[in-house]
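Student: My structure is in start_39.txt, and what it holds is compact mmCIF, C-alpha atoms and all ligand atoms:
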```
# COMPACT_ATOMS: atom_id res chain seq x y z
CA MET Y 18 -3.30 -18.13 -8.62
CA TYR Y 19 -1.75 -18.37 -12.11
CA LYS Y 20 -0.07 -21.68 -11.18
CA PHE Y 21 -3.30 -23.06 -9.72
CA PHE Y 22 -5.17 -22.20 -12.91
CA LYS Y 23 -2.43 -23.74 -15.06
CA ASN Y 24 -2.55 -26.94 -12.99
CA ILE Y 25 -6.32 -27.15 -13.39
CA LEU Y 26 -5.93 -26.80 -17.17
CA ASN Y 27 -3.43 -29.68 -17.16
CA LEU Y 28 -5.68 -31.78 -14.96
CA ILE Y 29 -8.65 -31.41 -17.32
CA LYS Y 30 -6.42 -32.02 -20.40
CA PHE Y 31 -7.56 -28.65 -21.71
CA LYS Y 32 -6.11 -28.94 -25.23
CA ILE Y 33 -7.78 -32.31 -25.84
CA ASN Y 34 -11.02 -30.86 -24.50
CA ILE Y 35 -10.87 -27.97 -26.99
CA PHE Y 36 -10.15 -30.40 -29.78
CA ILE Y 37 -13.09 -32.60 -28.79
CA ILE Y 38 -15.34 -29.53 -28.97
CA PHE Y 39 -13.86 -28.67 -32.36
CA CYS Y 40 -14.81 -32.17 -33.65
CA ILE Y 41 -18.35 -31.89 -32.27
CA LEU Y 42 -18.85 -28.39 -33.75
CA SER Y 43 -17.44 -29.49 -37.11
CA VAL Y 44 -19.96 -32.30 -37.44
CA ILE Y 45 -22.76 -29.93 -36.37
CA ILE Y 46 -21.71 -27.52 -39.14
CA LEU Y 47 -21.60 -30.40 -41.62
CA THR Y 48 -25.17 -31.43 -40.80
CA ASN Y 49 -26.21 -27.92 -41.99
CA ASN Y 50 -28.68 -27.92 -39.15
CA TYR Y 51 -27.25 -25.24 -36.86
CA ASN Y 52 -29.21 -22.10 -37.81
CA LYS Y 53 -32.12 -22.61 -35.46
CA ASN Y 54 -30.06 -24.23 -32.71
CA PHE Y 55 -27.50 -21.63 -31.58
CA ILE Y 56 -28.60 -21.59 -27.93
CA LYS Y 57 -28.66 -25.38 -27.71
CA ILE Y 58 -25.22 -25.60 -29.31
CA PHE Y 59 -23.84 -22.97 -26.91
CA PHE Y 60 -25.08 -24.84 -23.82
CA SER Y 61 -24.08 -28.24 -25.16
CA ILE Y 62 -20.47 -27.05 -25.58
CA ILE Y 63 -20.41 -25.82 -21.97
CA GLY Y 64 -22.08 -28.99 -20.64
CA ILE Y 65 -19.84 -31.35 -22.61
CA PHE Y 66 -16.78 -29.36 -21.56
CA PHE Y 67 -17.71 -29.84 -17.89
CA LEU Y 68 -18.40 -33.57 -18.30
CA SER Y 69 -15.30 -34.33 -20.34
CA SER Y 70 -13.21 -32.31 -17.87
CA SER Y 71 -14.57 -34.45 -15.03
CA SER Y 72 -13.80 -37.61 -17.01
CA PHE Y 73 -10.19 -36.43 -17.43
CA ILE Y 74 -9.98 -35.66 -13.69
CA ILE Y 75 -11.17 -39.20 -12.86
CA ASN Y 76 -8.67 -40.61 -15.39
CA ASN Y 77 -5.91 -38.64 -13.63
CA ILE Y 78 -7.02 -39.91 -10.22
CA LEU Y 79 -7.26 -43.58 -11.30
CA GLU Y 80 -3.91 -43.52 -13.11
CA ARG Y 81 -1.83 -41.56 -10.60
CA ASN Y 82 0.20 -44.62 -9.57
CA ILE Y 83 0.87 -45.59 -13.19
CA ASP Y 84 1.68 -41.98 -14.16
CA LYS Y 85 4.24 -41.83 -11.34
CA LYS Y 86 6.39 -44.49 -13.07
CA MET Y 87 6.52 -42.97 -16.55
CA ASN Y 88 8.72 -40.06 -17.71
CA ARG Y 89 5.93 -38.66 -19.89
CA THR Y 90 3.48 -38.42 -17.02
CA LYS Y 91 5.61 -38.27 -13.86
CA ASN Y 92 5.10 -34.50 -13.44
CA ARG Y 93 1.31 -34.60 -13.61
CA VAL Y 94 -0.68 -32.57 -11.08
CA LEU Y 95 -1.76 -35.54 -8.96
CA VAL Y 96 1.60 -37.32 -9.03
CA LYS Y 97 3.39 -34.21 -7.76
CA LYS Y 98 0.47 -33.34 -5.47
CA LYS Y 99 0.38 -29.81 -6.95
CA ILE Y 100 -3.24 -29.33 -5.79
CA ASN Y 101 -4.86 -30.75 -2.68
CA ILE Y 102 -6.84 -33.92 -3.56
CA ASN Y 103 -9.93 -32.66 -1.66
CA ILE Y 104 -10.04 -29.54 -3.84
CA ILE Y 105 -9.71 -31.74 -6.95
CA ILE Y 106 -12.59 -33.96 -5.83
CA LEU Y 107 -14.71 -30.87 -5.10
CA ILE Y 108 -14.00 -29.49 -8.59
CA LEU Y 109 -14.84 -32.91 -10.06
CA ILE Y 110 -18.22 -33.06 -8.31
CA ILE Y 111 -19.11 -29.45 -9.26
CA PHE Y 112 -18.16 -30.02 -12.93
CA LEU Y 113 -20.05 -33.32 -13.05
CA PHE Y 114 -23.27 -31.84 -11.66
CA LEU Y 115 -23.03 -28.62 -13.70
CA GLY Y 116 -22.43 -30.66 -16.87
CA ILE Y 117 -25.42 -32.94 -16.35
CA ILE Y 118 -27.77 -30.11 -15.30
CA ILE Y 119 -26.79 -27.82 -18.20
CA LEU Y 120 -27.17 -30.58 -20.78
CA TYR Y 121 -30.48 -31.82 -19.36
CA LYS Y 122 -32.06 -28.38 -18.83
CA PHE Y 123 -30.86 -26.52 -21.92
CA VAL Y 124 -30.13 -29.21 -24.53
CA ASN Y 125 -32.01 -32.52 -24.39
CA PHE Y 126 -32.15 -35.92 -22.73
CA LYS Y 127 -30.48 -37.82 -25.59
CA THR Y 128 -27.39 -35.57 -25.50
CA THR Y 129 -27.20 -35.79 -21.70
CA PHE Y 130 -27.45 -39.58 -21.80
CA LEU Y 131 -24.83 -40.11 -24.53
CA THR Y 132 -22.37 -37.63 -22.97
CA PHE Y 133 -22.80 -39.41 -19.65
CA PHE Y 134 -22.27 -42.77 -21.36
CA ILE Y 135 -19.01 -41.51 -22.97
CA PHE Y 136 -18.02 -40.10 -19.58
CA ILE Y 137 -18.46 -43.52 -17.87
CA PHE Y 138 -16.91 -45.39 -20.79
CA TYR Y 139 -13.73 -43.30 -20.92
CA SER Y 140 -13.15 -42.51 -17.25
CA ILE Y 141 -14.06 -45.91 -15.77
CA ILE Y 142 -14.43 -48.69 -18.36
CA TYR Y 143 -11.49 -47.71 -20.60
CA THR Y 144 -9.19 -46.43 -17.85
CA LYS Y 145 -9.77 -49.14 -15.28
CA PHE Y 146 -10.90 -52.24 -17.19
CA ILE Y 147 -9.59 -51.96 -20.76
CA LYS Y 148 -6.30 -50.04 -20.76
CA PRO Y 149 -4.44 -52.36 -18.34
CA TYR Y 150 -5.74 -55.65 -19.83
CA THR Y 151 -5.71 -55.84 -23.63
CA ILE Y 152 -3.43 -54.89 -26.52
CA TYR Y 153 -6.56 -53.48 -28.19
CA ASN Y 154 -6.92 -50.89 -25.39
CA VAL Y 155 -6.18 -48.03 -27.76
CA VAL Y 156 -8.55 -49.38 -30.43
CA LEU Y 157 -11.39 -49.80 -27.92
CA GLY Y 158 -10.56 -46.44 -26.31
CA GLY Y 159 -11.29 -44.97 -29.73
CA ILE Y 160 -14.98 -45.67 -29.16
CA SER Y 161 -15.13 -42.60 -26.88
CA GLY Y 162 -13.93 -40.38 -29.72
CA ALA Y 163 -15.94 -42.24 -32.36
CA LEU Y 164 -19.21 -41.44 -30.58
CA LEU Y 165 -18.68 -37.67 -30.85
CA PRO Y 166 -20.36 -37.32 -34.30
CA ILE Y 167 -23.46 -39.05 -32.89
CA LEU Y 168 -23.40 -36.52 -30.05
CA SER Y 169 -23.38 -33.70 -32.63
CA CYS Y 170 -26.51 -35.19 -34.26
CA PHE Y 171 -28.28 -35.49 -30.91
CA ILE Y 172 -27.57 -31.82 -30.08
CA VAL Y 173 -29.24 -30.45 -33.22
CA SER Y 174 -31.68 -33.38 -33.63
CA SER Y 175 -30.21 -34.43 -36.97
CA LYS Y 176 -30.64 -37.84 -38.52
CA ILE Y 177 -27.82 -40.33 -38.15
CA ASN Y 178 -27.04 -41.23 -41.74
CA LEU Y 179 -24.20 -43.03 -43.52
CA LYS Y 180 -22.14 -39.83 -43.70
CA ILE Y 181 -22.23 -39.55 -39.88
CA ILE Y 182 -21.33 -43.25 -39.55
CA PHE Y 183 -18.32 -42.61 -41.82
CA PHE Y 184 -17.20 -39.80 -39.49
CA CYS Y 185 -17.46 -42.20 -36.52
CA ILE Y 186 -15.44 -44.85 -38.37
CA ILE Y 187 -12.80 -42.28 -39.37
CA ILE Y 188 -12.28 -41.10 -35.76
CA PHE Y 189 -12.23 -44.75 -34.63
CA LEU Y 190 -9.55 -45.70 -37.20
CA TRP Y 191 -7.60 -42.51 -36.50
CA THR Y 192 -7.13 -43.24 -32.77
CA PRO Y 193 -4.67 -46.20 -32.98
CA PRO Y 194 -2.07 -44.40 -35.15
CA HIS Y 195 -2.58 -41.37 -32.84
CA PHE Y 196 -1.79 -43.20 -29.58
CA TRP Y 197 0.48 -46.04 -30.77
CA SER Y 198 2.87 -43.50 -32.32
CA LEU Y 199 3.14 -41.86 -28.90
CA SER Y 200 3.60 -45.21 -27.19
CA LEU Y 201 6.41 -46.10 -29.64
CA TYR Y 202 8.13 -42.81 -28.86
CA PHE Y 203 7.81 -43.49 -25.11
CA TYR Y 204 8.55 -47.20 -25.57
CA LYS Y 205 10.73 -47.46 -22.43
CA ASP Y 206 8.00 -45.85 -20.30
CA TYR Y 207 5.43 -48.40 -21.41
CA LYS Y 208 7.87 -51.31 -21.15
CA ASN Y 209 8.30 -50.51 -17.46
CA SER Y 210 4.62 -49.88 -16.81
CA ASN Y 211 2.03 -52.55 -16.08
CA LEU Y 212 -0.21 -51.36 -18.93
CA TYR Y 213 -0.95 -53.88 -21.67
CA MET Y 214 0.34 -51.65 -24.47
CA LEU Y 215 0.97 -53.19 -27.89
CA PRO Y 216 4.69 -52.20 -28.18
CA LYS Y 217 5.39 -53.69 -24.76
CA ILE Y 218 3.60 -57.00 -25.46
CA TYR Y 219 4.37 -57.61 -29.16
CA GLY Y 220 7.26 -55.22 -29.77
CA LYS Y 221 7.87 -52.22 -32.01
CA LYS Y 222 7.85 -54.12 -35.32
CA ILE Y 223 4.31 -55.47 -34.87
CA THR Y 224 3.13 -52.06 -33.59
CA ARG Y 225 4.44 -50.38 -36.74
CA LYS Y 226 2.54 -52.97 -38.82
CA TYR Y 227 -0.66 -52.29 -36.88
CA ILE Y 228 -0.19 -48.53 -37.40
CA LEU Y 229 0.24 -49.12 -41.14
CA PHE Y 230 -2.91 -51.25 -41.24
CA TYR Y 231 -5.12 -48.69 -39.46
CA SER Y 232 -3.61 -45.79 -41.41
CA ILE Y 233 -4.37 -47.43 -44.77
CA LEU Y 234 -7.95 -48.08 -43.67
CA LEU Y 235 -8.19 -44.47 -42.48
CA ILE Y 236 -6.95 -43.12 -45.81
CA LEU Y 237 -9.43 -45.39 -47.61
CA PHE Y 238 -12.38 -44.09 -45.58
CA THR Y 239 -11.42 -40.44 -46.13
CA PHE Y 240 -11.66 -41.18 -49.87
CA LEU Y 241 -14.93 -43.09 -49.46
CA ILE Y 242 -16.45 -39.83 -48.17
CA PHE Y 243 -15.88 -38.42 -51.67
CA ILE Y 244 -16.79 -41.62 -53.53
CA PHE Y 245 -20.15 -41.76 -51.70
CA ASN Y 246 -20.80 -38.13 -52.67
CA PHE Y 247 -20.71 -36.83 -49.10
CA ALA Y 248 -18.15 -34.21 -50.20
CA ASN Y 249 -17.06 -32.58 -53.42
CA LYS Y 250 -13.97 -31.93 -55.52
CA ILE Y 251 -12.44 -29.31 -53.22
CA TYR Y 252 -12.44 -31.84 -50.38
CA PHE Y 253 -11.02 -34.53 -52.63
CA PHE Y 254 -8.17 -32.32 -53.81
CA LEU Y 255 -7.25 -31.18 -50.28
CA ILE Y 256 -7.57 -34.59 -48.61
CA PHE Y 257 -5.53 -36.14 -51.43
CA ILE Y 258 -2.61 -33.83 -50.60
CA LEU Y 259 -3.03 -34.43 -46.85
CA ASN Y 260 -3.06 -38.20 -47.39
CA ILE Y 261 0.11 -38.07 -49.48
CA VAL Y 262 1.89 -36.30 -46.60
CA PHE Y 263 0.36 -38.73 -44.10
CA PHE Y 264 1.37 -41.78 -46.12
CA PHE Y 265 4.91 -40.43 -46.50
CA ILE Y 266 5.22 -40.10 -42.70
CA ILE Y 267 3.69 -43.55 -42.10
CA TYR Y 268 6.02 -45.07 -44.69
CA LYS Y 269 9.02 -43.50 -42.93
CA LEU Y 270 7.67 -44.64 -39.56
CA CYS Y 271 7.37 -48.24 -40.78
CA PHE Y 272 10.60 -48.59 -42.69
CA TYR Y 273 13.16 -46.13 -41.28
CA TYR Y 274 12.94 -46.90 -37.55
CA LYS Y 275 13.82 -43.36 -36.45
CA LYS Y 276 12.51 -42.37 -33.02
CA TYR Y 277 11.64 -38.77 -33.94
CA ILE Y 278 9.24 -40.02 -36.65
CA TYR Y 279 7.03 -41.61 -33.97
CA TYR Y 280 6.61 -38.24 -32.29
CA LEU Y 281 6.22 -36.50 -35.63
CA ASN Y 282 3.35 -38.85 -36.49
CA PHE Y 283 1.66 -38.25 -33.12
CA ILE Y 284 1.75 -34.47 -33.69
CA PHE Y 285 0.74 -34.90 -37.32
CA SER Y 286 -2.22 -37.12 -36.33
CA ILE Y 287 -3.74 -34.18 -34.41
CA LYS Y 288 -3.24 -31.87 -37.40
CA TYR Y 289 -4.65 -34.59 -39.68
CA LEU Y 290 -7.99 -34.79 -37.88
CA PHE Y 291 -8.15 -31.00 -37.67
CA PHE Y 292 -7.55 -30.57 -41.40
CA PHE Y 293 -9.91 -33.43 -42.29
CA PHE Y 294 -12.81 -31.56 -40.69
CA LEU Y 295 -11.59 -28.16 -41.91
CA PHE Y 296 -11.47 -29.40 -45.52
CA LEU Y 297 -14.99 -30.80 -45.24
CA ILE Y 298 -16.24 -27.47 -43.84
CA ILE Y 299 -14.54 -25.45 -46.60
CA ASP Y 300 -15.96 -27.81 -49.22
CA ASN Y 301 -19.40 -27.69 -47.61
CA PHE Y 302 -19.55 -23.87 -47.55
CA TYR Y 303 -18.28 -23.53 -51.10
CA TYR Y 304 -20.84 -25.91 -52.60
CA PHE Y 305 -23.64 -24.86 -50.25
CA LYS Y 306 -23.34 -21.26 -51.48
CA ASN Y 307 -22.93 -22.08 -55.17
C1 LIG Y 401 -11.77 -37.40 -31.06
C2 LIG Y 401 -11.09 -37.79 -30.02
C3 LIG Y 401 -9.70 -37.26 -29.70
C4 LIG Y 401 -9.16 -36.04 -29.92
C5 LIG Y 401 -9.84 -34.88 -30.56
C6 LIG Y 401 -7.81 -36.05 -29.41
C7 LIG Y 401 -6.94 -34.97 -29.45
C8 LIG Y 401 -5.75 -34.93 -28.81
C9 LIG Y 401 -4.90 -33.76 -28.72
C10 LIG Y 401 -5.20 -32.39 -29.29
C11 LIG Y 401 -3.81 -34.11 -27.99
C12 LIG Y 401 -2.62 -33.21 -27.64
C13 LIG Y 401 -2.77 -32.66 -26.26
C14 LIG Y 401 -1.63 -31.77 -25.83
O1 LIG Y 401 -0.78 -31.37 -26.64
O2 LIG Y 401 -1.60 -31.44 -24.63
C15 LIG Y 401 -3.98 -35.49 -27.64
C16 LIG Y 401 -3.12 -36.18 -26.85
C17 LIG Y 401 -3.29 -37.49 -26.53
N1 LIG Y 401 -4.29 -38.34 -26.96
FE1 LIG Y 401 -5.83 -37.85 -28.08
N2 LIG Y 401 -7.55 -37.28 -28.93
C18 LIG Y 401 -8.67 -38.04 -29.07
C19 LIG Y 401 -8.86 -39.33 -28.74
C20 LIG Y 401 -7.94 -40.08 -28.12
C21 LIG Y 401 -8.16 -41.45 -27.71
C22 LIG Y 401 -9.47 -42.21 -27.89
C23 LIG Y 401 -7.01 -41.85 -27.11
C24 LIG Y 401 -6.67 -43.15 -26.49
C25 LIG Y 401 -7.36 -44.24 -26.54
C26 LIG Y 401 -6.09 -40.72 -27.13
C27 LIG Y 401 -4.83 -40.69 -26.58
C28 LIG Y 401 -4.06 -39.57 -26.41
C29 LIG Y 401 -2.86 -39.51 -25.60
C30 LIG Y 401 -2.26 -40.63 -24.82
C31 LIG Y 401 -2.40 -38.20 -25.65
C32 LIG Y 401 -1.20 -37.61 -24.90
C33 LIG Y 401 -1.78 -36.90 -23.70
C34 LIG Y 401 -0.79 -36.21 -22.82
O3 LIG Y 401 0.43 -36.35 -22.99
O4 LIG Y 401 -1.24 -35.52 -21.91
N3 LIG Y 401 -6.69 -39.68 -27.77
N4 LIG Y 401 -5.15 -35.97 -28.16
C1 LIG Y 402 -17.63 -36.94 -21.75
C2 LIG Y 402 -16.67 -36.83 -22.86
C3 LIG Y 402 -17.13 -36.22 -24.14
C4 LIG Y 402 -15.43 -37.30 -22.66
C5 LIG Y 402 -14.33 -37.28 -23.63
C6 LIG Y 402 -13.98 -38.68 -24.03
C7 LIG Y 402 -12.89 -38.70 -25.05
C8 LIG Y 402 -13.20 -38.40 -26.47
C9 LIG Y 402 -11.67 -39.01 -24.64
C10 LIG Y 402 -10.52 -39.05 -25.51
C11 LIG Y 402 -9.65 -40.10 -25.01
C12 LIG Y 402 -8.31 -39.62 -24.61
C13 LIG Y 402 -7.86 -38.24 -24.83
C14 LIG Y 402 -7.54 -40.49 -24.09
C15 LIG Y 402 -6.19 -40.17 -23.61
O1 LIG Y 402 -5.72 -41.41 -23.35
P1 LIG Y 402 -5.26 -41.80 -21.91
O2 LIG Y 402 -6.16 -41.20 -20.90
O3 LIG Y 402 -5.08 -43.26 -21.91
O4 LIG Y 402 -3.86 -41.05 -21.94
P2 LIG Y 402 -2.74 -40.85 -20.86
O5 LIG Y 402 -1.79 -41.97 -21.07
O6 LIG Y 402 -2.15 -39.53 -21.26
O7 LIG Y 402 -3.39 -40.83 -19.52
```
Have the structure of the file written as structure tokens, please.
Ligand code: HEM
Ligand SMILES: CC(C)=CCC/C(C)=C/CC/C(C)=C/COP(=O)(O)OP(=O)(O)O

Tutor:
Amino acid sequence: MYKFFKNILNLIKFKINIFIIFCILSVIILTNNYNKNFIKIFFSIIGIFFLSSSSFIINNILERNIDKKMNRTKNRVLVKKKININIIILILIIFLFLGIIILYKFVNFKTTFLTFFIFIFYSIIYTKFIKPYTIYNVVLGGISGALLPILSCFIVSSKINLKIIFFCIIIFLWTPPHFWSLSLYFYKDYKNSNLYMLPKIYGKKITRKYILFYSILLILFTFLIFIFNFANKIYFFLIFILNIVFFFIIYKLCFYYKKYIYYLNFIFSIKYLFFFFLFLIIDNFYYFKN
């Protein structure tokens, strides 16, 4: 039973799911519009969790033949047939229906629609029609993450203002350094796969340049949040330190050619997004109270 449960968690990319919920909740907190909406927020988290889990299950199903050929993914649940495919499809259908019904009944139509759109975009459009065909697969894949702040606004019926658009842009710009660092680390895997990944098509040198480009833009936008008065001095101070560390890692990644730095940057990218939102929340609470 323990193994079955563990396999299900892997299948639904549980950690990414939790992180997605963290991003959505962070933006909700930052809209300062959560007080009257606790029940809606509670049900939206459950509904989104079910729908994103089903999108990860579909992604696993559609990519099982690609996953089989890569060291990073060759032990995945579907490749190793750790759970019967019929059970997986049953779980997928149950999650999909539960997700839609919970969002529609307890949250609102707009949230249901956008979550369903992200679901289709990530699990079908990105996985099947973007990832294998263009070097911008990772950039375009970022749209699924970039739409999360809009989802937060829909849940609590907040206005979509420039601050929210900046959050979308930041997640969008954050995705390429996040995934390309991983694809540099697993360069051999992607070279042997039939995915149209940037390092495979244009090589490591160009990929490092692309990472530098997106990272500089990302750093710039995290400062614009302060310049446009969407956050205060505490945020500026904290993000300044985080960006120094980030730039140091990116600099090393671009000019030292050490394999471990690619992996370090992938891990750091996750911490970066986490701290970005955490700093904004700390800053928001401090200035909201004072
Ligand atoms: C806001 C959106 C996103 C969040 C919060 C997020 C977060 C995460 C986290 C926490 C992990 C680590 C999972 C683990 O250790 O098991 C991860 C892994 C990963 N992410 Fe993201 N990510 C996001 C968007 C994206 C996008 C849009 C792409 C690609 C286009 C992407 C590609 C990957 C890949 C390839 C992995 C490795 C997965 C694995 O080995 O199972 N991520 N992400
Ligand atoms: C409905 C809903 C909110 C869905 C969540 C959509 C979302 C934000 C997805 C994040 C994208 C992601 C983790 C891609 C992993 O890349 P990959 O699948 O290419 O990675 P792999 O190489 O590990 O398979």

Student: Got a sec: who's within 9 Å of range 82-97 of chain Y, counting all atoms listed in the file, leaving out chain neighbours fewer than 6 positions off, as number ranges by chain?

Tutor: Y: 24-25, 27-28, 203, 205-207, 209-212

Student: Would you tabulate, counting all atoms listed in the file, all residues of chain Y that have an atom at most 9 Å from an atom of ligand LIG 401 (chain Y), showing the closest pair of atoms and their distance in Å to one decimal, sorted by chain then ascending number, as a Markdown table?

Tutor:
```
| residue | atom | partner | partner_atom | distance |
| --- | --- | --- | --- | --- |
| Y:Asn27 | CA | Y:LIG401 | O4 | 7.8 |
| Y:Lys30 | CA | Y:LIG401 | O4 | 6.4 |
| Y:Phe31 | CA | Y:LIG401 | O2 | 7.2 |
| Y:Lys32 | CA | Y:LIG401 | C13 | 5.1 |
| Y:Ile33 | CA | Y:LIG401 | C10 | 4.3 |
| Y:Asn34 | CA | Y:LIG401 | C5 | 7.4 |
| Y:Ile35 | CA | Y:LIG401 | C10 | 7.5 |
| Y:Phe36 | CA | Y:LIG401 | C5 | 4.6 |
| Y:Ile37 | CA | Y:LIG401 | C5 | 4.3 |
| Y:Ile38 | CA | Y:LIG401 | C5 | 7.8 |
| Y:Phe39 | CA | Y:LIG401 | C5 | 7.6 |
| Y:Cys40 | CA | Y:LIG401 | C5 | 6.4 |
| Y:Ile41 | CA | Y:LIG401 | C1 | 8.7 |
| Y:Arg89 | CA | Y:LIG401 | O3 | 6.7 |
| Y:Thr90 | CA | Y:LIG401 | O3 | 7.0 |
| Y:Arg93 | CA | Y:LIG401 | O4 | 8.7 |
| Y:Tyr139 | CA | Y:LIG401 | C22 | 8.2 |
| Y:Tyr143 | CA | Y:LIG401 | C25 | 8.0 |
| Y:Lys148 | CA | Y:LIG401 | C25 | 8.3 |
| Y:Asn154 | CA | Y:LIG401 | C25 | 6.8 |
| Y:Val155 | CA | Y:LIG401 | C25 | 4.2 |
| Y:Val156 | CA | Y:LIG401 | C25 | 6.6 |
| Y:Leu157 | CA | Y:LIG401 | C25 | 7.0 |
| Y:Gly158 | CA | Y:LIG401 | C25 | 3.9 |
| Y:Gly159 | CA | Y:LIG401 | C22 | 3.8 |
| Y:Ile160 | CA | Y:LIG401 | C22 | 6.6 |
| Y:Ser161 | CA | Y:LIG401 | C22 | 5.8 |
| Y:Gly162 | CA | Y:LIG401 | C2 | 3.9 |
| Y:Ala163 | CA | Y:LIG401 | C1 | 6.5 |
| Y:Leu164 | CA | Y:LIG401 | C1 | 8.5 |
| Y:Leu165 | CA | Y:LIG401 | C1 | 6.9 |
| Y:Ile188 | CA | Y:LIG401 | C1 | 6.0 |
| Y:Phe189 | CA | Y:LIG401 | C22 | 7.7 |
| Y:Trp191 | CA | Y:LIG401 | C19 | 8.5 |
| Y:Thr192 | CA | Y:LIG401 | C21 | 5.5 |
| Y:Pro193 | CA | Y:LIG401 | C25 | 7.2 |
| Y:His195 | CA | Y:LIG401 | C27 | 6.7 |
| Y:Phe196 | CA | Y:LIG401 | C27 | 5.0 |
| Y:Trp197 | CA | Y:LIG401 | C30 | 8.5 |
| Y:Leu199 | CA | Y:LIG401 | C30 | 6.9 |
| Y:Ser200 | CA | Y:LIG401 | C30 | 7.8 |
| Y:Phe283 | CA | Y:LIG401 | C16 | 8.2 |
| Y:Ile284 | CA | Y:LIG401 | C12 | 7.6 |
| Y:Ser286 | CA | Y:LIG401 | C8 | 8.6 |
| Y:Ile287 | CA | Y:LIG401 | C10 | 5.6 |
| Y:Lys288 | CA | Y:LIG401 | C10 | 8.4 |
| Y:Leu290 | CA | Y:LIG401 | C5 | 7.6 |
| Y:Phe291 | CA | Y:LIG401 | C5 | 8.3 |
```

Student: Have a look at Y:Ala248, Y:Ile147, Y:Leu79, Y:Ile278 and name the one nearest to Phe305 in chain Y; count all atoms listed in the file.

Tutor: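 Smallest separation from Phe305 in chain Y among the options: Y:Ala248.
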
Student: Write out as a list in words each polymer residue whose atoms come within 6 Å of Leu113 in chain Y, counting all atoms listed in the file; drop sequence neighbours fewer than 3 positions from it.

Tutor: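 The neighbour list is Leu68, Ser71, Ile110 and Gly116 of chain Y.
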
Student: Keeping only C-alpha atoms, write the selected residues to a file as an mmCIF file, in the coordinates of the input.

Tutor:
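Now in part.cif:
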```cif
data_model
loop_
_atom_site.group_PDB
_atom_site.id
_atom_site.type_symbol
_atom_site.label_atom_id
_atom_site.label_comp_id
_atom_site.auth_asym_id
_atom_site.auth_seq_id
_atom_site.Cartn_x
_atom_site.Cartn_y
_atom_site.Cartn_z
ATOM 1 C CA LEU Y 68 -18.400 -33.570 -18.300
ATOM 2 C CA SER Y 71 -14.570 -34.450 -15.030
ATOM 3 C CA ILE Y 110 -18.220 -33.060 -8.310
ATOM 4 C CA GLY Y 116 -22.430 -30.660 -16.870
#
```

Student: Mind checking which residues fall within 6 Å of range 228-238 of chain Y, counting only C-alpha atoms, ignoring those fewer than 5 positions away in the same chain, and posting them as a PyMOL selection string?

Tutor: chain Y and resi 187+190+194

Student: Take CA of Ile223 in chain Y and CA of Leu270 in chain Y and report the distance between them in Å, one decimal.

Tutor: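 Going from CA of Ile223 in chain Y over to CA of Leu270 in chain Y covers 12.3 Å.
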
Student: Skipping near chain neighbours, those fewer than 4 positions away, what residues fall within 9 Å of range 60-65 of chain Y using only C-alpha atoms, listed as JSON, numbers by chain?

Tutor: {"Y": [38, 41, 42, 55, 56, 69, 70, 112, 113, 115, 116, 117, 118, 119, 120, 121, 123, 124, 128, 129, 132, 172]}

Student: Which is closest to ligand LIG 402 (chain Y) among Y:Cys170, Y:Leu26, Y:Ile105, Y:Met214, if we use only C-alpha atoms and all ligand atoms?

Tutor: Y:Met214

Student: Find the residue from Y:Phe171, Y:Phe126, Y:Phe243, Y:Phe73 that sits nearest to ligand LIG 402 (chain Y); use all atoms listed in the file when measuring.

Tutor: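 Residue with the minimum atom-to-atom distance to ligand LIG 402 (chain Y): Y:Phe73.
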
Student: Between CA of Tyr279 in chain Y and CA of Phe254 in chain Y, what is the distance in Å, rounded to a tenth?

Tutor: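 So the answer is 26.7 Å.
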
Student: Generate the missing atoms of range 260-266 of chain Y up to N, CA, C and O atoms and report them as a short mmCIF file (atom, residue, chain, number, x, y, z; two decimals), in the coordinates of the input.

Tutor:
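result20.cif was written with the following content:
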```cif
data_model
loop_
_atom_site.label_atom_id
_atom_site.label_comp_id
_atom_site.auth_asym_id
_atom_site.auth_seq_id
_atom_site.Cartn_x
_atom_site.Cartn_y
_atom_site.Cartn_z
N ASN Y 260 -3.34 -36.76 -47.47
CA ASN Y 260 -3.06 -38.20 -47.39
C ASN Y 260 -1.70 -38.56 -47.94
O ASN Y 260 -1.06 -39.50 -47.46
N ILE Y 261 -1.24 -37.81 -48.95
CA ILE Y 261 0.11 -38.07 -49.48
C ILE Y 261 1.14 -37.79 -48.38
O ILE Y 261 2.03 -38.60 -48.11
N VAL Y 262 0.97 -36.65 -47.69
CA VAL Y 262 1.89 -36.30 -46.60
C VAL Y 262 1.81 -37.36 -45.50
O VAL Y 262 2.83 -37.84 -45.00
N PHE Y 263 0.58 -37.73 -45.16
CA PHE Y 263 0.36 -38.73 -44.10
C PHE Y 263 1.02 -40.06 -44.46
O PHE Y 263 1.76 -40.65 -43.65
N PHE Y 264 0.81 -40.49 -45.71
CA PHE Y 264 1.37 -41.78 -46.12
C PHE Y 264 2.90 -41.74 -46.11
O PHE Y 264 3.55 -42.71 -45.71
N PHE Y 265 3.45 -40.61 -46.51
CA PHE Y 265 4.91 -40.43 -46.50
C PHE Y 265 5.45 -40.62 -45.07
O PHE Y 265 6.43 -41.34 -44.85
N ILE Y 266 4.77 -39.99 -44.10
CA ILE Y 266 5.22 -40.10 -42.70
C ILE Y 266 5.07 -41.54 -42.20
O ILE Y 266 5.97 -42.10 -41.57
#
```
